[in-house]
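*Asks:* Hey, dropping target-v1.cif in here, mmCIF, C-alpha atoms and all ligand atoms:
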```cif
data_data
loop_
_atom_site.label_atom_id
_atom_site.label_comp_id
_atom_site.auth_asym_id
_atom_site.auth_seq_id
_atom_site.Cartn_x
_atom_site.Cartn_y
_atom_site.Cartn_z
CA MET A 1 -2.51 29.64 11.13
CA ALA A 2 -2.80 30.73 7.51
CA ALA A 3 -2.45 28.27 4.66
CA MET A 4 1.06 28.30 3.28
CA ALA A 5 1.88 29.42 -0.24
CA ALA A 6 3.09 26.62 -2.50
CA PRO A 7 6.42 25.51 -1.02
CA HIS A 8 9.57 24.72 -2.96
CA LEU A 9 9.61 21.13 -1.73
CA SER A 10 6.97 18.64 -0.60
CA ILE A 11 8.15 15.60 1.32
CA VAL A 12 5.53 12.86 0.96
CA VAL A 13 5.67 10.12 3.57
CA PRO A 14 3.29 7.12 3.57
CA MET A 15 2.72 5.72 7.05
CA PHE A 16 0.92 2.60 8.12
CA ASN A 17 1.05 1.75 11.82
CA GLU A 18 4.33 3.57 12.32
CA GLU A 19 3.81 4.73 15.93
CA GLU A 20 7.11 3.18 16.99
CA VAL A 21 9.28 4.85 14.40
CA LEU A 22 7.39 8.15 14.19
CA PRO A 23 9.25 10.05 16.96
CA LEU A 24 12.61 8.90 15.58
CA PHE A 25 11.55 9.83 12.07
CA ILE A 26 10.41 13.32 13.04
CA ALA A 27 13.52 13.96 15.15
CA ARG A 28 15.71 13.06 12.19
CA LEU A 29 13.69 14.63 9.37
CA ARG A 30 12.98 18.00 10.92
CA PRO A 31 16.55 19.35 11.27
CA VAL A 32 17.36 18.05 7.79
CA ALA A 33 14.29 19.73 6.27
CA ASP A 34 14.87 22.98 8.18
CA GLY A 35 18.48 22.98 6.98
CA LEU A 36 17.62 22.64 3.29
CA GLY A 37 17.30 26.38 2.94
CA VAL A 38 14.07 26.17 0.94
CA SER A 39 10.41 26.40 1.87
CA TYR A 40 8.92 22.96 2.38
CA GLU A 41 5.92 20.98 3.57
CA VAL A 42 5.93 17.45 4.91
CA VAL A 43 2.87 15.56 3.68
CA ALA A 44 2.41 12.66 6.06
CA VAL A 45 -0.13 10.24 4.62
CA ASP A 46 -1.61 8.12 7.37
CA ASP A 47 -2.68 5.03 5.43
CA GLY A 48 -5.54 4.04 7.72
CA SER A 49 -3.30 3.19 10.67
CA HIS A 50 -5.00 1.58 13.64
CA ASP A 51 -2.28 2.33 16.15
CA GLN A 52 -1.22 5.70 17.62
CA THR A 53 0.23 7.08 14.38
CA ALA A 54 -2.61 9.62 13.94
CA ILE A 55 -2.24 10.87 17.51
CA GLY A 56 1.54 11.11 17.16
CA LEU A 57 1.14 13.14 13.97
CA GLN A 58 -1.35 15.56 15.54
CA ARG A 59 0.98 16.04 18.47
CA ALA A 60 3.91 16.75 16.18
CA ARG A 61 1.87 19.24 14.17
CA ARG A 62 1.43 21.52 17.18
CA ASP A 63 4.94 22.89 16.92
CA TRP A 64 5.78 22.03 13.33
CA PRO A 65 3.69 24.20 10.99
CA GLN A 66 5.26 22.61 7.91
CA LEU A 67 3.82 19.23 8.86
CA ARG A 68 0.63 18.47 7.00
CA VAL A 69 -1.38 15.36 7.76
CA ILE A 70 -3.60 13.49 5.34
CA ARG A 71 -5.54 10.53 6.58
CA LEU A 72 -6.94 7.82 4.32
CA ARG A 73 -10.22 6.21 5.31
CA ALA A 74 -8.83 2.69 5.11
CA ASN A 75 -5.50 0.99 4.62
CA SER A 76 -5.06 1.33 0.87
CA GLY A 77 -1.46 0.23 0.46
CA HIS A 78 1.92 1.87 0.06
CA GLN A 79 1.43 2.88 -3.59
CA ALA A 80 -2.05 4.33 -3.05
CA ALA A 81 -0.80 6.24 0.00
CA ILE A 82 2.01 7.77 -2.05
CA SER A 83 -0.49 8.57 -4.82
CA ALA A 84 -2.70 10.37 -2.30
CA GLY A 85 0.29 12.41 -1.15
CA LEU A 86 1.30 13.24 -4.72
CA ALA A 87 -2.24 14.36 -5.54
CA ARG A 88 -2.22 16.87 -2.70
CA ALA A 89 1.42 17.93 -2.51
CA ARG A 90 1.94 21.50 -3.73
CA GLY A 91 5.72 21.76 -3.98
CA ALA A 92 7.69 22.71 -7.07
CA TYR A 93 9.54 19.50 -6.26
CA VAL A 94 8.15 16.46 -4.50
CA VAL A 95 10.19 13.76 -2.82
CA THR A 96 8.69 10.50 -1.59
CA LEU A 97 10.33 8.56 1.20
CA ASP A 98 9.46 5.85 3.71
CA ALA A 99 8.75 6.61 7.33
CA ASP A 100 10.99 3.89 8.72
CA LEU A 101 14.25 5.82 8.01
CA GLN A 102 15.41 3.23 5.48
CA ASP A 103 15.62 6.16 3.07
CA PRO A 104 17.99 8.62 4.79
CA PRO A 105 16.42 12.14 4.77
CA GLU A 106 19.90 13.65 4.36
CA VAL A 107 19.94 12.37 0.77
CA VAL A 108 17.07 14.72 -0.12
CA ALA A 109 19.53 17.65 -0.22
CA GLU A 110 21.64 15.75 -2.78
CA MET A 111 18.53 15.01 -4.85
CA LEU A 112 17.48 18.65 -4.91
CA ALA A 113 20.97 19.74 -5.88
CA ALA A 114 21.13 17.11 -8.64
CA ALA A 115 17.75 18.19 -10.04
CA GLN A 116 18.81 21.81 -10.22
CA GLU A 117 22.39 21.34 -11.42
CA LYS A 118 21.61 18.70 -14.04
CA HIS A 119 18.30 20.26 -15.10
CA VAL A 120 16.41 16.98 -14.79
CA GLU A 121 12.81 16.34 -13.80
CA VAL A 122 13.35 13.15 -11.82
CA VAL A 123 16.13 12.07 -9.46
CA TYR A 124 16.06 8.40 -8.50
CA GLY A 125 17.47 7.14 -5.24
CA ILE A 126 19.52 4.06 -6.02
CA ARG A 127 20.29 1.61 -3.25
CA GLY A 128 24.03 1.18 -3.44
CA ASP A 129 24.22 -1.08 -0.43
CA ARG A 130 21.30 -3.38 0.30
CA SER A 131 22.94 -5.43 3.01
CA SER A 132 20.28 -4.15 5.43
CA ASP A 133 17.53 -5.86 3.42
CA SER A 134 16.93 -9.50 4.28
CA VAL A 135 18.27 -12.25 2.02
CA PHE A 136 14.69 -13.16 1.19
CA LYS A 137 13.82 -9.57 0.25
CA ARG A 138 16.89 -9.23 -1.96
CA ALA A 139 16.34 -12.62 -3.64
CA THR A 140 12.67 -11.96 -4.37
CA ALA A 141 13.52 -8.44 -5.57
CA ARG A 142 16.15 -9.79 -7.96
CA PHE A 143 13.75 -12.39 -9.33
CA PHE A 144 11.02 -9.76 -9.66
CA TYR A 145 13.10 -7.18 -11.55
CA ARG A 146 14.66 -9.79 -13.83
CA SER A 147 11.20 -11.10 -14.71
CA MET A 148 9.94 -7.58 -15.32
CA ASP A 149 12.89 -6.95 -17.66
CA LYS A 150 12.00 -10.08 -19.61
CA LEU A 151 8.30 -9.28 -19.76
CA ALA A 152 8.36 -5.54 -20.37
CA GLU A 153 10.92 -2.90 -21.10
CA THR A 154 10.16 -0.40 -18.40
CA GLY A 155 13.63 1.06 -18.02
CA ALA A 156 13.34 0.90 -14.22
CA HIS A 157 16.62 0.61 -12.33
CA HIS A 158 16.79 -2.63 -10.33
CA ASP A 159 17.92 -0.93 -7.16
CA ALA A 160 15.51 1.99 -7.31
CA GLY A 161 12.55 1.87 -4.95
CA ASP A 162 10.11 4.64 -4.15
CA PHE A 163 12.68 7.09 -2.81
CA ARG A 164 12.80 9.69 -5.56
CA LEU A 165 12.50 13.38 -6.25
CA MET A 166 10.10 14.59 -8.94
CA SER A 167 9.45 17.97 -10.50
CA ARG A 168 6.01 19.55 -10.56
CA ALA A 169 5.66 18.57 -14.24
CA THR A 170 6.34 14.93 -13.36
CA VAL A 171 3.90 14.91 -10.47
CA ASP A 172 1.22 16.55 -12.61
CA ALA A 173 1.76 13.87 -15.25
CA ILE A 174 1.41 11.11 -12.65
CA ASN A 175 -1.72 12.70 -11.19
CA ALA A 176 -3.28 12.81 -14.64
CA LEU A 177 -2.97 9.04 -15.02
CA PRO A 178 -6.24 7.34 -14.19
CA GLU A 179 -4.56 4.01 -13.73
CA TYR A 180 -5.76 1.62 -11.10
CA GLY A 181 -3.16 -0.28 -9.10
CA ARG A 182 -0.33 1.88 -10.38
CA VAL A 183 3.17 0.89 -9.43
CA LEU A 184 5.08 4.15 -9.40
CA ARG A 185 8.57 2.72 -9.76
CA PHE A 186 7.62 1.56 -13.26
CA VAL A 187 5.17 4.34 -14.10
CA VAL A 188 7.68 7.15 -13.48
CA PRO A 189 10.46 5.92 -15.82
CA ALA A 190 7.79 5.16 -18.44
CA LEU A 191 6.83 8.85 -18.48
CA GLY A 192 10.20 9.50 -20.07
CA PHE A 193 11.25 12.68 -18.27
CA PRO A 194 14.99 13.43 -18.18
CA SER A 195 16.41 11.93 -15.03
CA ALA A 196 19.48 11.53 -12.87
CA SER A 197 20.17 9.40 -9.84
CA VAL A 198 21.96 9.51 -6.54
CA THR A 199 23.27 6.44 -4.78
CA TYR A 200 22.58 5.94 -1.11
CA ARG A 201 23.02 3.38 1.60
CA ARG A 202 19.76 1.78 2.59
CA ASP A 203 19.65 1.60 6.35
CA GLU A 204 17.85 -0.85 8.56
CA ARG A 205 14.31 -0.02 9.57
CA ALA A 206 14.81 2.23 12.60
CA ALA A 207 11.95 0.77 14.68
CA GLY A 208 8.78 -1.29 14.31
CA SER A 209 8.38 -4.05 11.77
CA SER A 210 7.87 -4.24 8.01
CA LYS A 211 4.38 -3.38 6.76
CA TYR A 212 5.01 -5.39 3.61
CA PRO A 213 4.02 -9.00 4.22
CA PHE A 214 4.50 -11.51 1.41
CA ALA A 215 0.90 -11.12 0.22
CA LYS A 216 1.42 -7.38 -0.39
CA MET A 217 4.70 -8.06 -2.18
CA LEU A 218 2.93 -10.57 -4.42
CA ARG A 219 0.13 -8.07 -5.12
CA LEU A 220 2.71 -5.45 -6.11
CA SER A 221 4.40 -7.92 -8.47
CA ILE A 222 1.14 -8.94 -10.14
CA ASP A 223 0.09 -5.28 -10.51
CA SER A 224 3.47 -4.47 -12.05
CA VAL A 225 3.35 -7.28 -14.58
CA THR A 226 -0.26 -6.83 -15.61
CA ALA A 227 0.22 -3.07 -15.90
CA PHE A 228 3.12 -3.31 -18.29
CA SER A 229 3.01 -6.61 -20.12
CA LEU A 230 0.70 -8.86 -22.10
CA ALA A 231 3.29 -11.64 -22.04
CA PRO A 232 1.36 -13.73 -19.47
CA LEU A 233 -1.68 -13.76 -21.77
CA ARG A 234 0.51 -14.92 -24.65
CA PHE A 235 2.00 -17.50 -22.33
CA ALA A 236 -1.52 -18.81 -21.69
CA THR A 237 -2.09 -19.04 -25.44
CA PHE A 238 1.22 -20.85 -25.80
CA LEU A 239 0.24 -23.31 -23.08
CA GLY A 240 -3.00 -23.96 -24.92
CA LEU A 241 -1.14 -24.59 -28.18
CA ALA A 242 1.40 -26.87 -26.53
CA GLY A 243 -1.42 -28.76 -24.79
CA GLY A 244 -3.27 -29.14 -28.09
CA LEU A 245 -0.17 -30.50 -29.75
CA GLY A 246 0.34 -32.99 -26.92
CA ALA A 247 -3.28 -34.09 -27.24
CA LEU A 248 -2.83 -34.66 -30.98
CA VAL A 249 0.20 -36.89 -30.36
CA LEU A 250 -1.76 -38.83 -27.74
CA LEU A 251 -4.68 -39.22 -30.12
CA LEU A 252 -2.42 -40.63 -32.82
CA TYR A 253 -0.87 -43.00 -30.30
CA ALA A 254 -4.29 -44.15 -29.07
CA LEU A 255 -5.43 -44.87 -32.64
CA TYR A 256 -2.23 -46.75 -33.31
CA ALA A 257 -2.51 -48.78 -30.10
CA ARG A 258 -6.10 -49.67 -30.90
CA ALA A 259 -5.23 -50.72 -34.45
CA ALA A 260 -2.34 -52.79 -33.15
CA GLY A 261 -4.68 -54.49 -30.71
CA HIS A 262 -2.76 -53.48 -27.58
CA VAL A 263 -4.72 -53.60 -24.38
CA VAL A 264 -4.46 -50.14 -22.81
CA ALA A 265 -4.37 -50.14 -19.02
CA GLY A 266 -4.80 -46.38 -19.12
CA TRP A 267 -5.55 -45.35 -15.57
CA THR A 268 -2.28 -43.56 -14.74
CA SER A 269 -2.10 -41.74 -18.04
CA THR A 270 -5.73 -40.64 -17.72
CA VAL A 271 -5.21 -39.27 -14.25
CA VAL A 272 -2.03 -37.48 -15.27
CA ILE A 273 -3.63 -35.94 -18.35
CA VAL A 274 -6.78 -34.84 -16.55
CA THR A 275 -4.80 -33.27 -13.72
CA ALA A 276 -2.30 -31.56 -16.00
CA VAL A 277 -4.96 -30.20 -18.32
CA GLY A 278 -7.00 -29.02 -15.34
CA ALA A 279 -3.98 -27.23 -13.88
CA VAL A 280 -3.13 -25.56 -17.17
CA GLN A 281 -6.71 -24.42 -17.62
CA LEU A 282 -6.83 -22.97 -14.13
CA LEU A 283 -3.54 -21.17 -14.66
CA ALA A 284 -4.74 -19.69 -17.94
CA LEU A 285 -8.03 -18.70 -16.32
CA GLY A 286 -6.17 -17.10 -13.44
CA ILE A 287 -4.02 -15.07 -15.82
CA LEU A 288 -7.08 -13.99 -17.76
CA GLY A 289 -8.76 -13.15 -14.47
CA GLU A 290 -5.96 -10.78 -13.48
CA TYR A 291 -6.38 -8.78 -16.67
CA VAL A 292 -10.17 -8.89 -16.59
CA GLY A 293 -9.95 -7.73 -12.97
CA ARG A 294 -7.81 -4.80 -14.04
CA LEU A 295 -10.30 -3.91 -16.77
CA TYR A 296 -13.15 -4.20 -14.31
CA ALA A 297 -11.46 -1.95 -11.79
CA ALA A 298 -10.54 0.53 -14.50
CA SER A 299 -14.10 0.66 -15.83
CA GLN A 300 -15.48 1.23 -12.35
CA ALA A 301 -13.01 4.11 -12.11
CA ARG A 302 -13.22 4.03 -8.35
CA PRO A 303 -10.39 5.86 -6.60
CA SER A 304 -7.77 3.60 -5.06
CA TYR A 305 -8.04 5.58 -1.81
CA TYR A 306 -10.43 7.92 0.01
CA VAL A 307 -9.15 10.92 1.94
CA ALA A 308 -10.84 11.21 5.32
CA TYR A 309 -8.93 14.25 6.56
CA ASP A 310 -6.43 16.84 5.40
CA SER A 311 -5.01 19.23 7.98
CA GLU A 312 -4.58 21.88 5.29
CA GLU A 313 -8.32 21.96 4.58
CA GLU A 314 -9.08 22.23 8.26
CA GLN A 315 -6.98 25.40 8.29
CA ARG A 316 -8.70 26.87 5.26
CA ALA A 317 -12.18 26.22 6.63
CA PRO A 318 -13.85 29.29 8.23
N1 LIG A 401 3.14 1.59 4.07
C1 LIG A 401 1.89 2.17 3.83
N2 LIG A 401 0.81 1.34 3.64
C2 LIG A 401 0.92 -0.01 3.65
C3 LIG A 401 2.20 -0.59 3.85
C4 LIG A 401 3.29 0.25 4.05
O1 LIG A 401 1.75 3.40 3.82
O2 LIG A 401 -0.09 -0.69 3.47
C5 LIG A 401 4.30 2.47 4.28
C6 LIG A 401 5.09 2.19 5.54
O3 LIG A 401 4.55 2.85 6.66
C7 LIG A 401 6.46 2.70 5.16
C8 LIG A 401 6.53 2.42 3.67
O4 LIG A 401 5.19 2.27 3.22
O5 LIG A 401 6.60 4.09 5.37
C9 LIG A 401 7.33 1.17 3.34
O6 LIG A 401 6.85 0.09 4.10
P1 LIG A 401 7.82 -0.91 4.87
O7 LIG A 401 9.00 -0.17 5.40
O8 LIG A 401 7.02 -1.66 5.87
O9 LIG A 401 8.25 -1.87 3.69
P2 LIG A 401 9.65 -2.59 3.51
O10 LIG A 401 10.72 -1.55 3.68
O11 LIG A 401 9.70 -3.64 4.57
O12 LIG A 401 9.59 -3.14 2.12
MG MG A 402 10.96 -0.25 5.10
#
```
Written as structure tokens, that's how I'd like the structure from this file.
*Replies:*
Amino acid sequence: MAAMAAPHLSIVVPMFNEEEVLPLFIARLRPVADGLGVSYEVVAVDDGSHDQTAIGLQRARRDWPQLRVIRLRANSGHQAAISAGLARARGAYVVTLDADLQDPPEVVAEMLAAAQEKHVEVVYGIRGDRSSDSVFKRATARFFYRSMDKLAETGAHHDAGDFRLMSRATVDAINALPEYGRVLRFVVPALGFPSASVTYRRDERAAGSSKYPFAKMLRLSIDSVTAFSLAPLRFATFLGLAGGLGALVLLLYALYARAAGHVVAGWTSTVVIVTAVGAVQLLALGILGEYVGRLYAASQARPSYYVAYDSEEEQRAP
């Protein structure tokens, strides 16, 4: 099998332990992709799955030449998996979508049409109906986007996730960013390319369970904030100032009480002050730590993922 020329469209799909949904996903995606009327490649990025995802992908590749498989050495996270796919996708357009069929593949045709008709470089998928997301997911998402709006003006749409179509120029611009822990839904709007959007209905996950536990959601939020805003650092400074002011008031009071000859019992207030000051210091240290951590990671310049295998390179090898 010869290596394909650069296709018109690359469909990048991050997958982590998706053995259950994989057959459904392939059965739904393939006719849609074949019916687009353009050359395409599907770049499935196996994000270090430890179930049968890799085997399922190899099996599917046997009779689907457009399916390309990239395997990461270890589970590196949704955003890193997408980044790996973007770095290797060759299409004139690249669309990223989830493997669990929450992003309907049929919408890709609308995105392509919108990009060409409106002459834009990015087409965002906007979730018009999120009733399939859990109450918890929607509530945390709302809180997260509102906070991001307050902390940084990223221009990201609140109901846009990682289902979007990007032109080659956009993908090249993303690939040129050396940023560690990049959160693409904020990075892409920040690039400032002309964009359009299509609204879609977000379906339920077709099979399997979410690969986004709370810890990963929290990590994504912290990465987003620290990537785009210095407000938490200023908040730490503000806490320090407020604490200093409080201490000054207390000092004045203590001097007054001593001069007035009051007997100060003092235990409760001491405990409260020590605990509160300790907590504030830890918080400020934690905030500092997040930024120092980002600097550290950036200075190490280690990739956020390692590619263990790429089916395309296997084909090119003698
Ligand atoms: N995913 C990934 N690596 C991870 C976690 C998730 O590649 O560490 C993929 C996952 O296979 C899916 C997409 O990212 O294709 C979105 O994950 P999921 O559907 O579990 O998230 P949710 O929709 O619950 O937020
Ligand atoms: Mg999902």
*Asks:* Residues within 6 Å of ligand LIG 401 (chain A) should be enumerated using all atoms listed in the file and returned as a PDB file with C-alpha atoms, keeping the file's coordinate frame.
*Replies:*
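Output (out_10.pdb):
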```
ATOM      1  CA  PRO A  14       3.290   7.120   3.570  1.00  0.00           C
ATOM      2  CA  MET A  15       2.720   5.720   7.050  1.00  0.00           C
ATOM      3  CA  PHE A  16       0.920   2.600   8.120  1.00  0.00           C
ATOM      4  CA  GLU A  18       4.330   3.570  12.320  1.00  0.00           C
ATOM      5  CA  ASP A  47      -2.680   5.030   5.430  1.00  0.00           C
ATOM      6  CA  ASN A  75      -5.500   0.990   4.620  1.00  0.00           C
ATOM      7  CA  SER A  76      -5.060   1.330   0.870  1.00  0.00           C
ATOM      8  CA  GLY A  77      -1.460   0.230   0.460  1.00  0.00           C
ATOM      9  CA  HIS A  78       1.920   1.870   0.060  1.00  0.00           C
ATOM     10  CA  ALA A  81      -0.800   6.240   0.000  1.00  0.00           C
ATOM     11  CA  ASP A  98       9.460   5.850   3.710  1.00  0.00           C
ATOM     12  CA  ALA A  99       8.750   6.610   7.330  1.00  0.00           C
ATOM     13  CA  ASP A 100      10.990   3.890   8.720  1.00  0.00           C
ATOM     14  CA  SER A 210       7.870  -4.240   8.010  1.00  0.00           C
ATOM     15  CA  LYS A 211       4.380  -3.380   6.760  1.00  0.00           C
ATOM     16  CA  TYR A 212       5.010  -5.390   3.610  1.00  0.00           C
TER      17      TYR A 212
END
```
*Asks:* Between A:Tyr291, A:Phe235, A:Tyr180, A:Tyr40, which residue has the minimum interatomic distance to A:Ala92, considering all atoms listed in the file?
*Replies:*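 Of A:Tyr291, A:Phe235, A:Tyr180, A:Tyr40, the one nearest A:Ala92 is A:Tyr40, counting all atoms listed in the file.
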*Asks:* Can you tell me which residues surround stretch 173-175 of chain A at a distance of at most 12 Å, considering all atoms listed in the file, apart from same-chain residues fewer than 5 positions away, and format the answer as an mmCIF file with C-alpha atoms, in the frame of the given file?
*Replies:*
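Final file, part27.cif:
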```
data_model
loop_
_atom_site.group_PDB
_atom_site.id
_atom_site.type_symbol
_atom_site.label_atom_id
_atom_site.label_comp_id
_atom_site.auth_asym_id
_atom_site.auth_seq_id
_atom_site.Cartn_x
_atom_site.Cartn_y
_atom_site.Cartn_z
ATOM 1 C CA ALA A 80 -2.050 4.330 -3.050
ATOM 2 C CA ILE A 82 2.010 7.770 -2.050
ATOM 3 C CA SER A 83 -0.490 8.570 -4.820
ATOM 4 C CA ALA A 84 -2.700 10.370 -2.300
ATOM 5 C CA GLY A 85 0.290 12.410 -1.150
ATOM 6 C CA LEU A 86 1.300 13.240 -4.720
ATOM 7 C CA ALA A 87 -2.240 14.360 -5.540
ATOM 8 C CA ARG A 88 -2.220 16.870 -2.700
ATOM 9 C CA ALA A 89 1.420 17.930 -2.510
ATOM 10 C CA VAL A 94 8.150 16.460 -4.500
ATOM 11 C CA GLU A 121 12.810 16.340 -13.800
ATOM 12 C CA MET A 166 10.100 14.590 -8.940
ATOM 13 C CA SER A 167 9.450 17.970 -10.500
ATOM 14 C CA ARG A 168 6.010 19.550 -10.560
ATOM 15 C CA TYR A 180 -5.760 1.620 -11.100
ATOM 16 C CA ARG A 182 -0.330 1.880 -10.380
ATOM 17 C CA VAL A 183 3.170 0.890 -9.430
ATOM 18 C CA LEU A 184 5.080 4.150 -9.400
ATOM 19 C CA ARG A 185 8.570 2.720 -9.760
ATOM 20 C CA PHE A 186 7.620 1.560 -13.260
ATOM 21 C CA VAL A 187 5.170 4.340 -14.100
ATOM 22 C CA VAL A 188 7.680 7.150 -13.480
ATOM 23 C CA PRO A 189 10.460 5.920 -15.820
ATOM 24 C CA ALA A 190 7.790 5.160 -18.440
ATOM 25 C CA LEU A 191 6.830 8.850 -18.480
ATOM 26 C CA GLY A 192 10.200 9.500 -20.070
ATOM 27 C CA PHE A 193 11.250 12.680 -18.270
ATOM 28 C CA PRO A 303 -10.390 5.860 -6.600
#
```
*Asks:* Between atom CA of A:Asp149 and atom CA of A:Ile222, measure the distance and give it in Å to one decimal.
*Replies:* 14.1 Å
*Asks:* I'd like to know which of A:Ala301, A:Leu57, A:Val271, A:Val13 is closest to ligand MG 402 (chain A), using only C-alpha atoms and all ligand atoms.
*Replies:*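 Nearest to ligand MG 402 (chain A): A:Val13.
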*Asks:* Taking 5 positions as the minimum chain separation for residues in the same chain, which residues sit within 10 Å of stretch 307-311 of chain A when counting all atoms listed in the file? Answer as a list in words.
*Replies:*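 With the cut-off at 10 Å, the set is Ala3, Val43, Ala44, Val45, Asp46, Asp47, Gly48, Gln58, Arg61, Leu67, Arg68, Val69, Ile70, Arg71, Leu72, Arg73, Ala74, Ala81, Ala84, Arg88 and Arg316 of chain A.
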*Asks:* Taking (16.1, 1.8, -5.3) in the file's own coordinates, collect the residues within 10 Å, counting all atoms listed in the file, and hand them back as a list in words.
*Replies:*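 Residues lying no farther than 10 Å from the given point: Asp103, Tyr124, Gly125, Ile126, Arg127, Gly128, Asp129, Arg130, Ala156, His157, His158, Asp159, Ala160, Gly161, Asp162, Phe163, Arg164, Arg185, Ser197, Val198, Thr199, Tyr200, Arg201 and Arg202 of chain A.
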*Asks:* Dump as a VMD selection string all residues having an atom at most 8 Å from (15.7, 15.7, -6.5), computed in the file's coordinates with all atoms listed in the file.
*Replies:* chain A and resid 93 to 95 108 to 116 121 to 124 164 to 167
*Asks:* If we count all atoms listed in the file and set the cut-off at 8 Å, which residues sit around A:Glu204, ignoring sequence neighbours fewer than 5 positions away in its own chain? Please answer as a CSV table (one decimal) with C-alpha atoms, in the coordinates of the input.
*Replies:*
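Final output, saved to out-v2.csv:
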```csv
chain,number,residue,atom,x,y,z
A,101,LEU,CA,14.2,5.8,8.0
A,102,GLN,CA,15.4,3.2,5.5
A,132,SER,CA,20.3,-4.2,5.4
A,133,ASP,CA,17.5,-5.9,3.4
```
*Asks:* Hey, can you check how far atom CA of A:Ser299 sits from atom CA of A:Thr226?
*Replies:* 15.7 Å
*Asks:* Atom CA of A:Ala215 and atom CA of A:Arg146 are how many Å apart?
*Replies:*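 Interatomic distance, atom CA of A:Ala215 to atom CA of A:Arg146: 19.7 Å.
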*Asks:* Neighbouring residues of A:Phe214 were defined as those with any atom within 12 Å, considering all atoms listed in the file; residues of the same chain fewer than 6 positions away were excluded. Please report them as a list in words.
*Replies:*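 Surrounding residues, per the criterion: Phe136, Lys137, Thr140, Ala141, Leu220 and Ser221 of chain A.
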